[in-house]
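A.B. asks: My structure is stored as work.pdb, with PDB, C-alpha atoms.
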MODEL        1
ATOM      1  CA  MET A  19      24.264 148.195 305.107
ATOM      2  CA  THR A  20      24.291 144.471 305.008
ATOM      3  CA  ASP A  21      27.295 142.279 305.494
ATOM      4  CA  THR A  22      27.625 140.394 302.219
ATOM      5  CA  HIS A  23      31.372 139.767 302.571
ATOM      6  CA  THR A  24      31.526 137.538 305.639
ATOM      7  CA  ASP A  25      34.878 136.115 304.566
ATOM      8  CA  VAL A  26      36.566 139.544 304.412
ATOM      9  CA  ASP A  27      39.271 140.148 307.025
ATOM     10  CA  ARG A  28      38.338 143.726 307.842
ATOM     11  CA  VAL A  29      40.875 143.900 310.678
ATOM     12  CA  ALA A  30      43.598 143.405 308.048
ATOM     13  CA  ILE A  31      42.072 146.196 305.950
ATOM     14  CA  VAL A  32      42.061 148.531 308.962
ATOM     15  CA  GLU A  33      45.697 147.694 309.726
ATOM     16  CA  ARG A  34      46.691 148.488 306.123
ATOM     17  CA  ALA A  35      44.801 151.805 306.392
ATOM     18  CA  VAL A  36      46.629 152.612 309.648
ATOM     19  CA  ASP A  37      49.959 151.829 307.962
ATOM     20  CA  ALA A  38      49.110 154.212 305.105
ATOM     21  CA  TYR A  39      48.028 156.911 307.588
ATOM     22  CA  ASN A  40      51.244 156.614 309.583
ATOM     23  CA  ALA A  41      53.324 156.727 306.375
ATOM     24  CA  LYS A  42      51.328 159.726 305.099
ATOM     25  CA  ASN A  43      50.720 157.746 301.922
ATOM     26  CA  TRP A  44      47.537 159.642 301.051
ATOM     27  CA  GLY A  45      47.243 158.076 297.599
ATOM     28  CA  ARG A  46      46.939 154.678 299.250
ATOM     29  CA  TYR A  47      45.036 155.850 302.339
ATOM     30  CA  VAL A  48      42.168 157.330 300.348
ATOM     31  CA  LEU A  49      41.489 153.966 298.678
ATOM     32  CA  PHE A  50      40.225 152.452 301.944
ATOM     33  CA  PHE A  51      37.198 154.785 302.165
ATOM     34  CA  ARG A  52      33.918 155.229 300.346
ATOM     35  CA  GLU A  53      33.542 158.594 298.645
ATOM     36  CA  ASP A  54      30.698 159.446 301.027
ATOM     37  CA  VAL A  55      32.556 158.278 304.153
ATOM     38  CA  ARG A  56      31.275 159.756 307.400
ATOM     39  CA  TYR A  57      34.075 160.704 309.792
ATOM     40  CA  CYS A  58      33.266 161.881 313.290
ATOM     41  CA  HIS A  59      35.508 162.493 316.279
ATOM     42  CA  HIS A  60      32.822 162.495 318.930
ATOM     43  CA  ASN A  61      34.867 164.115 321.705
ATOM     44  CA  ARG A  62      36.278 166.952 319.598
ATOM     45  CA  GLY A  63      33.325 168.056 317.484
ATOM     46  CA  VAL A  64      35.014 167.220 314.174
ATOM     47  CA  GLU A  65      32.822 165.722 311.481
ATOM     48  CA  PHE A  66      33.076 165.257 307.713
ATOM     49  CA  SER A  67      30.708 163.555 305.313
ATOM     50  CA  ASP A  68      32.855 163.033 302.242
ATOM     51  CA  ARG A  69      36.220 161.513 301.443
ATOM     52  CA  ALA A  70      37.777 164.603 299.846
ATOM     53  CA  THR A  71      37.123 166.814 302.899
ATOM     54  CA  PHE A  72      38.206 164.050 305.282
ATOM     55  CA  LEU A  73      41.465 163.514 303.386
ATOM     56  CA  ALA A  74      42.153 167.264 303.202
ATOM     57  CA  ALA A  75      41.787 167.477 306.995
ATOM     58  CA  MET A  76      44.113 164.502 307.536
ATOM     59  CA  ARG A  77      46.723 166.197 305.321
ATOM     60  CA  VAL A  78      46.497 169.413 307.357
ATOM     61  CA  PHE A  79      46.767 167.506 310.639
ATOM     62  CA  ALA A  80      49.775 165.546 309.348
ATOM     63  CA  GLY A  81      51.459 168.403 307.521
ATOM     64  CA  ASP A  82      50.807 171.691 309.254
ATOM     65  CA  LEU A  83      49.986 170.658 312.823
ATOM     66  CA  ALA A  84      51.673 167.382 313.797
ATOM     67  CA  PRO A  85      53.780 165.769 311.061
ATOM     68  CA  ASN A  86      55.124 163.018 313.325
ATOM     69  CA  ARG A  87      51.701 161.961 314.658
ATOM     70  CA  THR A  88      51.080 158.219 314.613
ATOM     71  CA  LEU A  89      48.444 155.703 315.445
ATOM     72  CA  GLY A  90      50.169 153.117 317.607
ATOM     73  CA  PRO A  91      49.800 149.367 317.428
ATOM     74  CA  ALA A  92      46.382 148.026 318.241
ATOM     75  CA  VAL A  93      45.849 147.437 321.932
ATOM     76  CA  ARG A  94      42.742 145.510 320.947
ATOM     77  CA  CYS A  95      41.088 145.058 317.563
ATOM     78  CA  VAL A  96      37.828 143.161 317.094
ATOM     79  CA  GLN A  97      35.714 142.449 314.029
ATOM     80  CA  SER A  98      32.028 141.670 314.221
ATOM     81  CA  GLY A  99      30.267 141.505 310.878
ATOM     82  CA  ASP A 100      30.805 144.791 309.097
ATOM     83  CA  VAL A 101      32.229 146.583 312.169
ATOM     84  CA  VAL A 102      35.835 146.751 313.390
ATOM     85  CA  VAL A 103      36.687 148.316 316.749
ATOM     86  CA  ARG A 104      40.336 149.274 317.281
ATOM     87  CA  GLU A 105      41.857 150.666 320.488
ATOM     88  CA  GLN A 106      45.190 152.462 320.144
ATOM     89  CA  VAL A 107      47.308 155.417 321.199
ATOM     90  CA  TRP A 108      47.483 158.468 318.955
ATOM     91  CA  SER A 109      50.572 160.502 319.725
ATOM     92  CA  GLY A 110      53.024 163.020 318.363
ATOM     93  CA  LYS A 111      54.319 166.556 318.771
ATOM     94  CA  ALA A 112      52.455 169.641 317.617
ATOM     95  CA  ILE A 113      54.553 172.017 315.519
ATOM     96  CA  ALA A 114      51.793 174.631 315.620
ATOM     97  CA  ASP A 115      48.876 175.192 317.948
ATOM     98  CA  PHE A 116      46.567 172.223 317.451
ATOM     99  CA  PRO A 117      43.309 173.251 319.170
ATOM    100  CA  GLY A 118      42.033 170.651 321.588
ATOM    101  CA  VAL A 119      45.207 168.591 321.192
ATOM    102  CA  ALA A 120      48.386 170.515 322.075
ATOM    103  CA  GLY A 121      50.149 173.838 321.809
ATOM    104  CA  ALA A 122      53.066 174.399 319.453
ATOM    105  CA  GLY A 123      56.066 172.348 320.568
ATOM    106  CA  GLU A 124      54.050 170.189 322.975
ATOM    107  CA  ASP A 125      53.886 166.407 322.920
ATOM    108  CA  PHE A 126      50.461 164.767 322.952
ATOM    109  CA  ARG A 127      49.222 161.274 323.682
ATOM    110  CA  PHE A 128      45.600 160.148 323.567
ATOM    111  CA  GLU A 129      44.158 156.704 324.154
ATOM    112  CA  ILE A 130      41.443 156.424 321.546
ATOM    113  CA  CYS A 131      38.930 153.895 320.366
ATOM    114  CA  THR A 132      37.970 153.858 316.703
ATOM    115  CA  VAL A 133      34.884 152.216 315.255
ATOM    116  CA  PHE A 134      35.011 151.463 311.527
ATOM    117  CA  VAL A 135      31.798 150.502 309.757
ATOM    118  CA  PHE A 136      32.340 148.789 306.425
ATOM    119  CA  ASP A 137      30.319 148.565 303.266
ATOM    120  CA  GLY A 138      31.885 145.599 301.525
ATOM    121  CA  ASP A 139      35.644 146.173 301.503
ATOM    122  CA  LEU A 140      35.442 149.952 302.034
ATOM    123  CA  ILE A 141      35.119 151.985 305.216
ATOM    124  CA  ALA A 142      31.769 153.784 305.165
ATOM    125  CA  GLU A 143      31.902 155.277 308.683
ATOM    126  CA  TYR A 144      34.879 156.195 310.888
ATOM    127  CA  HIS A 145      34.040 157.120 314.489
ATOM    128  CA  GLU A 146      36.706 158.151 317.016
ATOM    129  CA  TYR A 147      36.309 158.396 320.764
ATOM    130  CA  GLY A 148      38.859 159.668 323.246
TER     131      GLY A 148
ENDMDL
END
So, in terms of structure tokens, how does the structure I just supplied come out?
C.D. replies:
Amino acid sequence: MTDTHTDVDRVAIVERAVDAYNAKNWGRYVLFFREDVRYCHHNRGVEFSDRATFLAAMRVFAGDLAPNRTLGPAVRCVQSGDVVVREQVWSGKAIADFPGVAGAGEDFRFEICTVFVFDGDLIAEYHEYG
């Protein structure tokens, strides 16, 4: 991928995507990603290679496992070319067993770092660490 949109504020795009995620506005959230988006949570062995599967997983996480989960405000967010790196806290309460995260009724809090790789104005890769 080449960065042909050097004037694009990708940090602002990421923040709008985070807002949609926190609001569970899936109709808006999906619009931030390429159809062939690659999502990978490197520490948890979760990986998807298309937007429909990625969105379905987000809906399960936010509906069946931890409806009040949120990505907190950015601790640090940096754009370099077509890459945005955002550090934040992901937290909530599991309402069912959420393997690798929390048991039913337990609170969770993870400091995570997310790397977004853009293709133009759309997120092409979404990597989470932590």
A.B. asks: With the file shown as input, list the residues that the PyMOL selection byres ((chain A and resi 131) around 12) selects, as a PyMOL selection string.
C.D. replies: chain A and resi 59-61+89-90+92-96+102-108+128-130+132-134+144-148
A.B. asks: For the provided coordinates, the residues matched by the PyMOL selection byres ((chain A and resi 40-56) around 8) should be stated as a ChimeraX atom specification.
C.D. replies: /A:31,35-39,57-58,65-70,73,77,80,87-89,139-144
A.B. asks: Atom CA of Pro85 of chain A and atom CA of Ala30 of chain A are how many Å apart?
C.D. replies: 24.8 Å
A.B. asks: Please indicate the distance in Å from atom CA of Phe136 of chain A to atom CA of Arg34 of chain A, rounded to one decimal place.
C.D. replies: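 One can read the atom CA of Phe136 of chain A to atom CA of Arg34 of chain A distance as 14.4 Å.
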A.B. asks: Between A:Asp82, A:Asp137, A:Glu33, A:Asp100, which residue has the minimum interatomic distance to Asp115 of chain A, considering all atoms listed in the file?
C.D. replies: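 Answer, going by the shortest atom-to-atom distance: A:Asp82.
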A.B. asks: Which value, in Å to one decimal, gives the distance between atom CA of Gly123 of chain A and atom CA of Arg62 of chain A?
C.D. replies: 20.5 Å
